[in-house]
file start-v2.cif (mmCIF, C-alpha atoms (C1' of nucleotides))
data_entry
loop_
_atom_site.label_atom_id
_atom_site.label_comp_id
_atom_site.auth_asym_id
_atom_site.auth_seq_id
_atom_site.Cartn_x
_atom_site.Cartn_y
_atom_site.Cartn_z
CA MET S 1 -0.86 48.83 61.93
CA SER S 2 -2.80 48.81 58.71
CA ALA S 3 0.24 47.36 57.07
CA GLY S 4 -0.64 45.19 54.10
CA ARG S 5 -4.13 46.56 53.79
CA GLY S 6 -4.37 45.60 50.13
CA ARG S 7 -6.57 47.24 47.54
CA GLN S 8 -7.92 50.68 47.99
CA ARG S 9 -9.37 52.19 44.83
CA ARG S 10 -10.97 55.20 46.38
CA ALA S 11 -13.26 57.60 44.62
CA THR S 12 -11.39 58.87 41.58
CA GLY S 13 -13.48 62.00 41.60
CA HIS S 14 -13.97 61.65 37.91
CA ALA S 15 -16.93 63.77 36.97
CA GLY S 16 -20.40 64.97 37.64
CA ALA S 17 -19.43 67.49 40.24
CA THR S 18 -22.80 66.97 41.84
CA GLY S 19 -21.26 66.79 45.27
CA ILE S 20 -22.79 63.37 45.67
CA ASP S 21 -20.55 60.67 47.09
CA LEU S 22 -20.42 57.77 44.66
CA GLY S 23 -18.29 55.73 47.02
CA PRO S 24 -16.55 52.81 45.36
CA LEU S 25 -18.36 53.18 42.03
CA PRO S 26 -15.72 55.20 40.16
CA GLY S 27 -13.11 52.57 40.96
CA LEU S 28 -15.21 49.75 39.60
CA LEU S 29 -14.38 48.37 36.20
CA GLY S 30 -18.01 47.77 35.26
CA TYR S 31 -19.02 51.30 36.16
CA ALA S 32 -16.14 52.79 34.20
CA LEU S 33 -16.92 50.53 31.25
CA ARG S 34 -20.54 51.57 31.22
CA ARG S 35 -19.67 55.27 31.27
CA ALA S 36 -17.09 54.92 28.51
CA GLN S 37 -19.32 52.66 26.43
CA LEU S 38 -22.10 55.23 26.66
CA ALA S 39 -19.87 58.11 25.57
CA VAL S 40 -18.32 56.20 22.68
CA TYR S 41 -21.66 54.91 21.43
CA GLN S 42 -23.16 58.39 21.65
CA ASP S 43 -20.35 59.62 19.43
CA PHE S 44 -20.89 56.70 17.10
CA PHE S 45 -24.57 57.49 16.71
CA ARG S 46 -23.86 61.15 16.06
CA THR S 47 -21.17 60.28 13.53
CA PHE S 48 -23.16 57.67 11.64
CA ASP S 49 -26.49 59.45 11.72
CA LYS S 50 -25.84 60.72 8.20
CA ILE S 51 -25.81 57.20 6.77
CA LYS S 52 -28.12 55.69 9.37
CA LEU S 53 -25.89 52.79 10.37
CA ARG S 54 -25.99 51.25 13.81
CA PRO S 55 -22.91 49.57 15.29
CA ALA S 56 -24.16 46.05 14.65
CA GLN S 57 -25.13 46.88 11.06
CA LEU S 58 -21.69 48.27 10.37
CA ALA S 59 -20.05 45.21 11.88
CA VAL S 60 -22.09 42.90 9.67
CA LEU S 61 -21.34 44.98 6.59
CA VAL S 62 -17.62 44.81 7.31
CA VAL S 63 -17.59 41.08 7.94
CA VAL S 64 -19.69 40.27 4.88
CA GLU S 65 -17.49 42.47 2.71
CA ARG S 66 -14.32 40.72 3.83
CA ASN S 67 -15.79 37.22 3.86
CA PRO S 68 -18.13 36.89 0.89
CA GLY S 69 -20.40 33.86 0.89
CA LEU S 70 -20.53 33.23 4.62
CA LYS S 71 -23.70 31.74 6.02
CA GLN S 72 -25.89 33.85 8.30
CA ALA S 73 -25.10 31.70 11.29
CA GLU S 74 -21.37 32.09 10.68
CA VAL S 75 -21.52 35.86 10.58
CA ALA S 76 -23.79 35.90 13.60
CA THR S 77 -21.59 33.78 15.84
CA ALA S 78 -18.44 35.59 14.67
CA LEU S 79 -20.00 38.78 16.02
CA GLY S 80 -21.53 37.24 19.13
CA ILE S 81 -25.09 37.68 17.87
CA LYS S 82 -27.71 34.98 18.28
CA ARG S 83 -28.79 33.66 14.92
CA THR S 84 -32.39 34.33 15.88
CA ASN S 85 -31.66 38.02 16.40
CA PHE S 86 -29.49 38.13 13.33
CA VAL S 87 -32.50 37.59 11.07
CA VAL S 88 -33.91 41.11 11.35
CA LEU S 89 -30.42 42.57 11.23
CA ALA S 90 -29.64 40.85 7.92
CA HIS S 91 -33.08 41.77 6.67
CA SER S 92 -32.53 45.46 7.38
CA LEU S 93 -29.31 45.44 5.36
CA GLU S 94 -30.93 43.51 2.53
CA ARG S 95 -33.91 45.86 2.35
CA ARG S 96 -31.49 48.74 1.96
CA GLY S 97 -29.73 46.94 -0.87
CA LEU S 98 -26.42 46.77 1.00
CA VAL S 99 -26.25 42.99 1.25
CA GLU S 100 -27.59 40.11 -0.80
CA ARG S 101 -28.85 36.78 0.48
CA ARG S 102 -28.46 33.88 -1.94
CA ALA S 103 -29.55 30.35 -1.16
CA SER S 104 -26.43 28.21 -0.98
CA ALA S 105 -26.08 25.68 -3.80
CA HIS S 106 -24.83 22.67 -1.83
CA ASP S 107 -26.91 23.29 1.30
CA ARG S 108 -30.27 24.72 0.51
CA ARG S 109 -31.04 25.40 4.13
CA SER S 110 -28.51 28.20 4.41
CA ASN S 111 -28.29 31.71 3.03
CA ALA S 112 -24.93 32.86 1.76
CA LEU S 113 -24.33 36.59 2.29
CA TYR S 114 -22.70 38.93 -0.22
CA ILE S 115 -22.09 42.65 -0.17
CA THR S 116 -23.58 44.63 -3.06
CA ASP S 117 -21.95 47.45 -4.98
CA GLU S 118 -24.11 49.82 -3.03
CA GLY S 119 -22.95 48.14 0.14
CA LYS S 120 -19.33 48.59 -0.90
CA ALA S 121 -19.93 52.28 -1.60
CA LEU S 122 -21.48 52.78 1.82
CA SER S 123 -18.69 50.81 3.40
CA ARG S 124 -16.18 53.23 1.91
CA LYS S 125 -18.07 56.20 3.34
CA ALA S 126 -18.36 54.42 6.66
CA ARG S 127 -14.63 53.81 6.81
CA GLN S 128 -13.97 57.55 6.75
CA MET S 129 -16.53 58.25 9.43
CA LEU S 130 -15.08 55.44 11.48
CA GLU S 131 -11.65 56.96 11.15
CA ALA S 132 -12.89 60.32 12.43
CA HIS S 133 -14.87 58.69 15.22
CA GLU S 134 -11.91 56.63 16.42
CA GLN S 135 -9.52 59.51 16.05
CA ARG S 136 -11.43 61.65 18.51
CA PHE S 137 -10.76 59.12 21.25
CA ALA S 138 -7.28 58.14 20.12
CA ALA S 139 -6.32 61.82 20.18
CA GLU S 140 -7.55 62.16 23.74
CA LEU S 141 -5.33 59.35 25.02
CA GLY S 142 -2.58 59.37 22.43
CA GLU S 143 -2.08 56.53 19.96
CA ALA S 144 0.10 54.43 22.23
CA GLU S 145 -2.20 54.58 25.23
CA PHE S 146 -5.20 54.07 23.00
CA GLY S 147 -3.67 50.89 21.63
CA ARG S 148 -2.93 49.64 25.12
CA LEU S 149 -6.49 50.38 26.17
CA VAL S 150 -7.99 48.40 23.29
CA ALA S 151 -5.61 45.51 23.95
CA MET S 152 -6.51 45.43 27.64
CA LEU S 153 -10.22 45.42 26.83
CA HIS S 154 -9.79 42.42 24.54
CA ARG S 155 -7.71 40.68 27.14
CA LEU S 156 -10.51 41.04 29.68
CA ALA S 157 -13.08 39.94 27.11
CA ASP S 158 -11.04 36.84 26.31
CA MET S 159 -10.64 35.70 29.91
CA GLU S 160 -11.84 32.26 30.71
CA ALA S 161 -15.26 32.44 32.20
CA ARG S 162 -14.91 30.73 35.54
CA MET C 1 7.67 55.34 0.43
CA SER C 2 4.78 54.76 2.72
CA ALA C 3 6.49 57.08 5.12
CA GLY C 4 4.06 58.88 7.39
CA ARG C 5 1.21 56.54 6.64
CA GLY C 6 -0.45 57.29 9.94
CA ARG C 7 -2.77 55.02 11.83
CA GLN C 8 -2.89 51.35 11.15
CA ARG C 9 -4.61 49.36 13.86
CA ARG C 10 -4.80 46.06 12.04
CA ALA C 11 -6.61 42.98 13.20
CA THR C 12 -5.33 42.20 16.67
CA GLY C 13 -6.34 38.59 16.26
CA HIS C 14 -7.86 38.66 19.67
CA ALA C 15 -10.18 35.70 19.89
CA GLY C 16 -12.84 33.56 18.36
CA ALA C 17 -10.51 31.56 16.18
CA THR C 18 -13.37 31.14 13.76
CA GLY C 19 -11.09 31.86 10.85
CA ILE C 20 -13.38 34.71 9.89
CA ASP C 21 -11.72 37.99 8.99
CA LEU C 22 -13.10 40.70 11.24
CA GLY C 23 -11.10 43.36 9.45
CA PRO C 24 -10.82 46.60 11.41
CA LEU C 25 -13.27 45.61 14.13
CA PRO C 26 -10.77 44.35 16.74
CA GLY C 27 -8.93 47.67 16.53
CA LEU C 28 -12.05 49.70 17.16
CA LEU C 29 -12.62 51.14 20.62
CA GLY C 30 -16.38 50.60 20.50
CA TYR C 31 -16.01 46.97 19.52
CA ALA C 32 -13.47 46.30 22.25
CA LEU C 33 -15.63 48.12 24.79
CA ARG C 34 -18.66 46.06 23.88
CA ARG C 35 -16.75 42.79 24.22
CA ALA C 36 -15.23 43.76 27.57
CA GLN C 37 -18.50 45.17 28.87
CA LEU C 38 -20.24 41.91 28.00
CA ALA C 39 -17.64 39.78 29.77
CA VAL C 40 -17.56 41.93 32.88
CA TYR C 41 -21.34 42.14 33.15
CA GLN C 42 -21.63 38.38 32.66
CA ASP C 43 -19.31 37.94 35.60
CA PHE C 44 -21.28 40.48 37.59
CA PHE C 45 -24.55 38.63 36.98
CA ARG C 46 -22.98 35.31 37.94
CA THR C 47 -21.46 36.82 41.07
CA PHE C 48 -24.57 38.66 42.24
CA ASP C 49 -27.07 35.99 41.32
CA LYS C 50 -27.08 34.82 44.94
CA ILE C 51 -28.46 38.13 46.20
CA LYS C 52 -30.30 39.02 42.99
CA LEU C 53 -28.86 42.46 42.52
CA ARG C 54 -28.49 44.07 39.12
CA PRO C 55 -25.74 46.63 38.48
CA ALA C 56 -28.10 49.60 38.61
CA GLN C 57 -29.70 48.36 41.82
CA LEU C 58 -26.33 48.01 43.49
CA ALA C 59 -25.32 51.48 42.35
CA VAL C 60 -28.46 52.99 43.84
CA LEU C 61 -27.99 51.09 47.08
CA VAL C 62 -24.42 52.36 47.40
CA VAL C 63 -25.33 55.97 46.66
CA VAL C 64 -28.31 55.97 49.00
CA GLU C 65 -26.23 54.43 51.76
CA ARG C 66 -23.53 57.07 51.48
CA ASN C 67 -25.89 59.98 50.92
CA PRO C 68 -28.93 59.48 53.13
CA GLY C 69 -31.91 61.69 52.38
CA LEU C 70 -31.21 62.43 48.74
CA LYS C 71 -34.19 62.99 46.48
CA GLN C 72 -34.98 60.45 43.79
CA ALA C 73 -34.08 62.89 41.05
CA GLU C 74 -30.71 63.57 42.66
CA VAL C 75 -29.76 59.91 42.85
CA ALA C 76 -31.02 59.36 39.34
CA THR C 77 -29.02 62.13 37.70
CA ALA C 78 -25.92 61.26 39.73
CA LEU C 79 -26.05 57.83 38.12
CA GLY C 80 -27.05 58.98 34.68
CA ILE C 81 -30.53 57.50 34.95
CA LYS C 82 -33.62 59.33 33.75
CA ARG C 83 -35.92 60.12 36.66
CA THR C 84 -38.78 58.50 34.79
CA ASN C 85 -36.88 55.21 34.61
CA PHE C 86 -35.69 55.58 38.15
CA VAL C 87 -39.21 55.12 39.51
CA VAL C 88 -39.40 51.36 38.96
CA LEU C 89 -35.80 50.97 40.08
CA ALA C 90 -36.47 52.68 43.42
CA HIS C 91 -39.70 50.74 43.71
CA SER C 92 -37.92 47.41 43.31
CA LEU C 93 -35.51 48.27 46.12
CA GLU C 94 -38.31 49.51 48.33
CA ARG C 95 -40.42 46.38 47.79
CA ARG C 96 -37.45 44.32 48.93
CA GLY C 97 -37.12 46.43 52.05
CA LEU C 98 -33.63 47.65 51.16
CA VAL C 99 -34.51 51.30 50.82
CA GLU C 100 -37.13 53.58 52.30
CA ARG C 101 -38.93 56.47 50.63
CA ARG C 102 -40.05 59.22 52.97
CA ALA C 103 -41.86 62.32 51.81
CA SER C 104 -39.54 65.25 52.35
CA ALA C 105 -40.65 67.68 55.09
CA HIS C 106 -39.76 70.98 53.39
CA ASP C 107 -40.67 69.93 49.85
CA ARG C 108 -43.62 67.62 49.78
CA ARG C 109 -43.19 66.90 46.09
CA SER C 110 -40.03 64.92 46.61
CA ASN C 111 -39.19 61.56 48.14
CA ALA C 112 -36.12 61.37 50.31
CA LEU C 113 -34.34 58.02 50.10
CA TYR C 114 -32.83 56.15 53.05
CA ILE C 115 -31.17 52.77 53.29
CA THR C 116 -32.76 50.35 55.77
CA ASP C 117 -30.94 48.02 58.16
CA GLU C 118 -31.71 45.20 55.79
CA GLY C 119 -30.28 47.29 52.99
CA LYS C 120 -27.11 47.87 54.99
CA ALA C 121 -26.75 44.15 55.64
CA LEU C 122 -27.11 43.37 51.95
CA SER C 123 -24.70 46.15 51.10
CA ARG C 124 -22.08 44.51 53.32
CA LYS C 125 -22.55 41.19 51.54
CA ALA C 126 -22.46 42.95 48.20
CA ARG C 127 -19.16 44.61 49.06
CA GLN C 128 -17.48 41.24 49.44
CA MET C 129 -18.89 39.94 46.19
CA LEU C 130 -17.84 43.15 44.50
CA GLU C 131 -14.34 42.67 45.81
CA ALA C 132 -14.14 39.15 44.37
CA HIS C 133 -15.68 40.26 41.10
CA GLU C 134 -13.25 43.13 40.66
CA GLN C 135 -10.30 41.08 41.78
CA ARG C 136 -10.76 38.58 38.96
CA PHE C 137 -10.15 41.31 36.42
CA ALA C 138 -7.56 43.22 38.41
CA ALA C 139 -5.56 40.01 38.76
CA GLU C 140 -5.64 39.46 35.02
CA LEU C 141 -4.09 42.85 34.27
CA GLY C 142 -2.24 43.55 37.50
CA GLU C 143 -3.31 46.28 39.89
CA ALA C 144 -1.31 49.03 38.21
CA GLU C 145 -2.57 48.34 34.71
CA PHE C 146 -6.06 47.86 36.04
CA GLY C 147 -5.98 51.28 37.62
CA ARG C 148 -4.72 52.85 34.42
CA LEU C 149 -7.49 51.13 32.48
CA VAL C 150 -10.22 52.46 34.76
CA ALA C 151 -8.71 55.94 34.65
CA MET C 152 -8.58 55.90 30.84
CA LEU C 153 -12.19 54.80 30.63
CA HIS C 154 -13.31 57.69 32.83
CA ARG C 155 -11.21 60.07 30.79
CA LEU C 156 -13.00 59.01 27.62
CA ALA C 157 -16.36 59.18 29.36
CA ASP C 158 -15.64 62.71 30.56
CA MET C 159 -14.63 64.07 27.15
CA GLU C 160 -16.54 67.04 25.89
CA ALA C 161 -19.27 65.90 23.57
CA ARG C 162 -18.53 67.77 20.34
"C1'" DT D 1 -44.22 78.70 35.51
"C1'" DA D 2 -41.05 75.14 36.91
"C1'" DT D 3 -40.07 70.88 39.33
"C1'" DT D 4 -40.95 66.01 41.41
"C1'" DG D 5 -42.78 61.85 40.96
"C1'" DT D 6 -45.55 59.17 38.17
"C1'" DT D 7 -47.86 56.54 34.27
"C1'" DA D 8 -48.06 55.15 29.67
"C1'" DT D 9 -45.68 54.14 25.75
"C1'" DA D 10 -42.21 52.87 22.31
"C1'" DC D 11 -37.90 51.28 20.53
"C1'" DT D 12 -33.68 48.63 20.84
"C1'" DC D 13 -31.05 44.68 22.45
"C1'" DT D 14 -31.03 40.27 24.11
"C1'" DA D 15 -32.86 35.59 25.20
"C1'" DT D 16 -35.89 31.29 24.68
"C1'" DA D 17 -39.27 28.22 22.54
"C1'" DA D 18 -41.12 26.33 18.65
"C1'" DC D 19 -41.88 25.83 13.75
"C1'" DT D 20 -40.13 24.62 8.55
"C1'" DA D 21 -37.22 22.91 5.34
"C1'" DT D 22 -33.58 20.83 4.58
"C1'" DA D 23 -29.50 17.63 5.67
"C1'" DT E 1 -31.67 13.19 14.46
"C1'" DA E 2 -29.45 17.61 13.79
"C1'" DT E 3 -28.92 22.12 11.57
"C1'" DA E 4 -30.24 26.88 9.19
"C1'" DG E 5 -33.40 30.13 8.99
"C1'" DT E 6 -37.47 31.90 10.80
"C1'" DT E 7 -41.36 33.63 13.82
"C1'" DA E 8 -43.28 34.87 18.10
"C1'" DT E 9 -42.52 36.41 22.47
"C1'" DA E 10 -40.62 38.23 26.74
"C1'" DG E 11 -37.40 40.81 29.52
"C1'" DA E 12 -34.22 44.45 30.27
"C1'" DG E 13 -32.52 49.29 29.18
"C1'" DT E 14 -33.53 53.63 27.49
"C1'" DA E 15 -36.30 57.52 25.47
"C1'" DT E 16 -40.39 60.94 25.19
"C1'" DA E 17 -45.02 62.85 26.32
"C1'" DA E 18 -48.32 64.00 29.54
"C1'" DC E 19 -50.42 64.40 34.08
"C1'" DA E 20 -51.06 65.65 39.35
"C1'" DA E 21 -49.20 67.68 43.29
"C1'" DT E 22 -46.38 71.03 44.87
"C1'" DA E 23 -43.13 74.86 44.69
#
call {"tool": "encode", "arguments": {"input": "start-v2.cif", "output": "structure tokens"}}
result
Amino acid sequence: MSAGRGRQRRATGHAGATGIDLGPLPGLLGYALRRAQLAVYQDFFRTFDKIKLRPAQLAVLVVVERNPGLKQAEVATALGIKRTNFVVLAHSLERRGLVERRASAHDRRSNALYITDEGKALSRKARQMLEAHEQRFAAELGEAEFGRLVAMLHRLADMEAR
Amino acid sequence: MSAGRGRQRRATGHAGATGIDLGPLPGLLGYALRRAQLAVYQDFFRTFDKIKLRPAQLAVLVVVERNPGLKQAEVATALGIKRTNFVVLAHSLERRGLVERRASAHDRRSNALYITDEGKALSRKARQMLEAHEQRFAAELGEAEFGRLVAMLHRLADMEAR
DNA sequence: TATTGTTATACTCTATAACTATA
DNA sequence: TATAGTTATAGAGTATAACAATA
């Protein structure tokens, strides 16, 4: 019996060593994602503490640098941020002189975003930190596996909902 | 020239199709993790809306079921939750009659946690939903790749900090 | 003294409603 | 009417400090 019993995914015995039975949790994608996300973000915060950049701030800086003149709403939706929450984010970067908001000429409702020279300088610094940050994880898995991991994550993120 | 130029990781062109240049973001582990985490959690919320269980609540239920009599602090640290934040979490499960808190006999400071019959019944329902939830993503990647993904995530999570 | 559970508190992230000024 | 930016607000998740009861 017990022929085609299907999926198993038993406790992978990953970590903790608390002796506590986590049951199916270690085999669950969401649980593994949360643990990895936590570790990677921790490393991000440690790495970028020197220049006080949070992940979302860095993402905005990068997008604005590569796409000068975008409207706030465009940057926001490109990054999956609600435009209402984007306001304070853009404000924080503007206050620090990293990004400029200019009222658009042909549509005076919208703010066009531009990176400043100071923003570009910080972006250069950030790129090096980013490289070191990424490299720590890429080295753990090897470049090839690392690439496959990132690709798989995007594939899951891009799945049709429903 | 350009011989050993090292890491590249250019835009993977994953999604969005907004025409906006995201630069290095799609190649970044943290960015990919955030996108995948979001998608998987969205699916979790949709799936478990019927029984109104959040990820952390389910995790506690599972751990308490498999390890009857654990102290609050033990469950909390096993799941990477601060004991101070665990209080409301345990309370929410107790109010719903899924879990019981009994004062420990030999250490009257601590609460021992036990799953109730109602909790067990919900846990059974949850297991089926969990199976469906997981299967959606496992089917997208295939079981083998899915397993490798989860293993890689735990490996990153278990890396030495520093 | 140290630990367990607890309260209070604060900060971030995310989400919704409603306003304003433009279009 | 619809859209861009904004404000206010509320809910989670996570963090620290401080306290009472107990060890």
call {"tool": "interface_residues", "arguments": {"input": "start-v2.cif", "of": "chain E", "to": "chain C", "cutoff": "12 Å", "atoms": "all atoms listed in the file", "output": "list in words"}}
result
DA12, DG13, DT14, DA15, DT16, DA17, DA20, DA21, DT22 and DA23 of chain E
call {"tool": "resolve_selection", "arguments": {"input": "start-v2.cif", "expression": "the PyMOL selection byres ((chain D) within 12 of (chain S))", "output": "list in words"}}
result
DT12, DC13, DT14, DA15, DT16, DA17, DT20, DA21, DT22 and DA23 of chain D
call {"tool": "atom_distance", "arguments": {"input": "start-v2.cif", "atom1": "CA of Leu141 in chain S", "atom2": "CA of Arg155 in chain C"}}
result
8.3 Å
call {"tool": "atom_distance", "arguments": {"input": "start-v2.cif", "atom1": "CA of Thr18 in chain S", "atom2": "CA of Gly30 in chain S"}}
result
20.9 Å
call {"tool": "axis_aligned_box", "arguments": {"input": "start-v2.cif", "around": "range 107-114 of chain C", "padding_each_side": "5 Å", "output": "AutoDock Vina command-line options"}}
result
--center_x -38.2 --center_y 63.0 --center_z 49.6 --size_x 20.8 --size_y 23.8 --size_z 17.0
call {"tool": "residues_near_point", "arguments": {"input": "start-v2.cif", "point": "(-33.8, 56.4, 43.0)", "cutoff": "6 Å", "atoms": "all atoms listed in the file", "output": "ChimeraX atom specification"}}
result
/C:72,75-76,86,90
call {"tool": "atom_distance", "arguments": {"input": "start-v2.cif", "atom1": "C1' of DA8 in chain E", "atom2": "C1' of DT9 in chain D"}}
result
20.9 Å
call {"tool": "resolve_selection", "arguments": {"input": "start-v2.cif", "expression": "the PyMOL selection byres ((chain C and resi 58) around 12)", "output": "VMD selection string"}}
result
(chain S and resid 22 to 25 28 30 to 31) or (chain C and resid 44 to 45 48 51 to 57 59 to 65 79 89 to 90 92 to 93 98 to 99 115 119 to 120 122 to 127 129 to 130)
call {"tool": "closest_residue", "arguments": {"input": "start-v2.cif", "among": "C:His91, C:His106, C:Arg46, C:Arg66", "to": "chain S", "atoms": "all atoms listed in the file"}}
result
C:Arg66
call {"tool": "residues_around", "arguments": {"input": "start-v2.cif", "residues": "His154 in chain C", "least_positions_apart": "4", "cutoff": "9 Å", "atoms": "all atoms listed in the file", "output": "ChimeraX atom specification"}}
result
/S:14-15,26,32-33,35-36 /C:149-150,158-159
call {"tool": "closest_residue", "arguments": {"input": "start-v2.cif", "among": "C:Glu100, C:Glu140, C:Asp49, C:Glu118", "to": "chain S", "atoms": "all atoms listed in the file"}}
result
C:Glu140
call {"tool": "resolve_selection", "arguments": {"input": "start-v2.cif", "expression": "the PyMOL selection byres ((chain D and resi 19) around 9)", "output": "PyMOL selection string"}}
result
(chain D and resi 18+20) or (chain E and resi 6-7)
call {"tool": "closest_residue", "arguments": {"input": "start-v2.cif", "among": "S:Ala112, S:Ala78, S:Ala73, S:Arg101", "to": "chain C", "atoms": "all atoms listed in the file"}}
result
S:Ala78
